[in-house]
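K.L.:
Okay, handing you the structure first.
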Amino acid sequence: MTDAVQTPHVGQTKFAPRVFSGIQPSGGLTLGNYLGALKRFVEMQDQGMEAIYCIVDLHAITTWQDPERLRQQTREAAAAFIAAGVDPKRSILFNQSQVSAHAELAWVFNCVTRLGWMNRMTQFKDKTAGKNAENASLGLYAYPSLMAADILLYHATHVPVGEDQKQHVELTRDIAAKFNHDYKVDFFPMTLPVIEGAATRVMSLRDGSKKMSKSDPSDQSRINLTDDADTIAAKIRKARTDAEVLPDLPEGLKDRPEAKNLVNIYAALSGKSVEEVLAEFAGQGFGAFKPALADLAVAVMSPITSEMQRLMADPAEIDRILGDGADRADAIAQPILARTLDIVGMIRSRR
Ligand code: TYM
């Protein structure tokens with residue numbers, strides 16, 4: 001169990017602790033999303049922090065999405081949040097496009113953000129690598145500015161994410177600092193990324209140098225939150241490994257990315273440290289370790305998968321939950337957007 005998160009550093013105390021995070025509904029969610037994000041969302045909620053969780057459908061359309069599938073995947077993501085333990089009464093759960101203030105604040109941030117900052121974003125480079133970058137959408141390029149708007153629209157102080165989102169949260173701080181500086185205000189907080197646990201970067205089951213991702217063409221590379229027990233066990237059995245036995249110390253996993261990944265997954269699923277897992281399995285090969293990991297993964301994931309299926313049977317109820325969450329999110333967002341536009345110098349005279 002992780003310790004309670006720290007409140008932001010001195011000077012930021014005027015901002016009450018508030019958690020914000022988001023997941024794209026651009027495909028089915030994976031074990032990486034669960035261990036790197038969803039599980040952490042539930043822990044922070046259960047530590048009693050005020051938490052706002054968002055299914056970022058506006059981010060999803062930065063790459064092509066079939067409209068009907070997008071709606072389906074958005075509901076599926078909502079079901080995954082709830083099945084994993086996000087309580088839509090205690091926390092706010094909604095889809096981004098229902099709160100238009102996200103897009104409005106993003107426009108203001110597009111005018112604060114410098115092109116040079118955007119050009120350094122590694123995710124854009126990764127997503128366009130090997131493709132014609134000229135043909136990428138403008139939205140994909142501006143994506144981190146919308147993400148900063150998601151976070152700062154709620155004056156969020158803590159953002160639990162996997163390692164791949166660290167650069168985006170750092171950019172969010174740069175945008176907040178430049179806005180505060182340019183307009184001579186202390187309006188936006190310096191948000192902290194919260195990147196903790198054994199599984200902040202779950203790797204592909206087929207290639208230990210690649211992140212497990214919903215967009216990987218190989219389904220064997222990932223465990224989907226919709227996979228049944230047999231599929232999960234088969235994917236773990238077939239996961240790429242090496243021929244050596246497990247070491248007794250974490251240093252022994254250096255230069256063994258596939259082995260390290262499976263040990264990290266075991267640690268994150270069991271709530272044990274990597275040291276504890278190695279103490280249990282040192283000297284054993286994957287013939288013994290993989291079945292133990294498969295049993296553990298099935299035991300943890302199956303209840304979530306079946307709860308997701310139960311929730312998905314009532315899409316109207318999911319839509320109702322998202323609408324209720326959007327109303328509550330909007331009530332927090334509107335005064336912050338209004339104040340932002342006021343600071344920037346916009347006339348606000350409509351009744
Ligand atoms: P997305 O949808 O790619 O991933 C959602 C969350 O899951 C984490 N994650 C992983 N963690 C560990 N191992 C993996 N293999 C793995 N794959 C994904 C991600 O780090 C993320 O925390 N830009 C974000 C969505 C977003 C957002 C936000 C997040 C939009 N606005 C505001 C936080 C705050 C994204 O594409 O995540």
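Quick note on naming: the chains in the structure tokens go A, B, ... in the order shown, residues restart at 1 in each chain, and ligands are numbered from 1 in order of appearance.
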Compile the contact shell of Pro291 in chain A as a PDB file with C-alpha atoms, in the first residue's frame: residues with an atom at most 9 Å away, counting only C-alpha atoms, same-chain residues fewer than 3 positions apart removed.
P.N.:
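selection14.pdb, written as the output of this step:
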ATOM      1  CA  ALA A 233      -3.651 -17.659 -18.866  1.00  0.00           C
ATOM      2  CA  ILE A 236       0.902 -15.277 -19.979  1.00  0.00           C
ATOM      3  CA  ARG A 237       1.982 -18.821 -20.907  1.00  0.00           C
ATOM      4  CA  PHE A 286       9.399 -19.544 -15.886  1.00  0.00           C
ATOM      5  CA  GLY A 287       7.901 -23.058 -15.983  1.00  0.00           C
ATOM      6  CA  ALA A 288       6.982 -22.439 -12.339  1.00  0.00           C
ATOM      7  CA  ALA A 294      -1.489 -16.638 -14.560  1.00  0.00           C
ATOM      8  CA  ASP A 295      -3.420 -17.807 -11.476  1.00  0.00           C
ATOM      9  CA  LEU A 296      -2.856 -14.472  -9.762  1.00  0.00           C
TER      10      LEU A 296
END
K.L.:
Under the rule of at most 10 Å, produce a per-residue listing of range 147-192 of chain A near range 319-338 of chain A: chain, number, name, the closest pair of atoms, and the distance in Å, as JSON lines, using only C-alpha atoms.
P.N.:
{"residue": "A:Ala149", "atom": "CA", "partner": "A:Leu337", "partner_atom": "CA", "distance": 9.8}
{"residue": "A:Asp150", "atom": "CA", "partner": "A:Ala333", "partner_atom": "CA", "distance": 9.6}
{"residue": "A:Leu152", "atom": "CA", "partner": "A:Ile336", "partner_atom": "CA", "distance": 8.8}
{"residue": "A:Leu153", "atom": "CA", "partner": "A:Ala333", "partner_atom": "CA", "distance": 5.6}
{"residue": "A:Tyr154", "atom": "CA", "partner": "A:Ala333", "partner_atom": "CA", "distance": 5.8}
{"residue": "A:His155", "atom": "CA", "partner": "A:Ile336", "partner_atom": "CA", "distance": 8.1}
{"residue": "A:Phe187", "atom": "CA", "partner": "A:Ile336", "partner_atom": "CA", "distance": 9.2}
{"residue": "A:Phe188", "atom": "CA", "partner": "A:Ile336", "partner_atom": "CA", "distance": 9.5}
K.L.:
Between A:Lys131, A:Arg256, A:His158, A:Arg350, single out the one closest to ligand 1, counting only C-alpha atoms and all ligand atoms.
P.N.:
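Among A:Lys131, A:Arg256, A:His158, A:Arg350, it is A:His158 that comes nearest to ligand 1.
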K.L.:
Considering only strand (DSSP E) as DSSP defines it on the backbone, what residues of range 51-246 of chain A qualify? List them as a ChimeraX atom specification.
P.N.:
/A:51-55,92-95,158-160,192-194
K.L.:
Residues near Ile82 in chain A, anyone? I mean within 12 Å using only C-alpha atoms, not counting same-chain ones fewer than 6 positions away, as a ChimeraX atom specification.
P.N.:
/A:34,38-39,41-42,53,75-76,88-94,303-312,318,321-322
K.L.:
Could you pull the residues within 6 Å of range 259-271 of chain A, counting only C-alpha atoms, minus those fewer than 2 positions along the same chain, as a ChimeraX atom specification?
P.N.:
/A:198-199,241,253,256-257,273-274
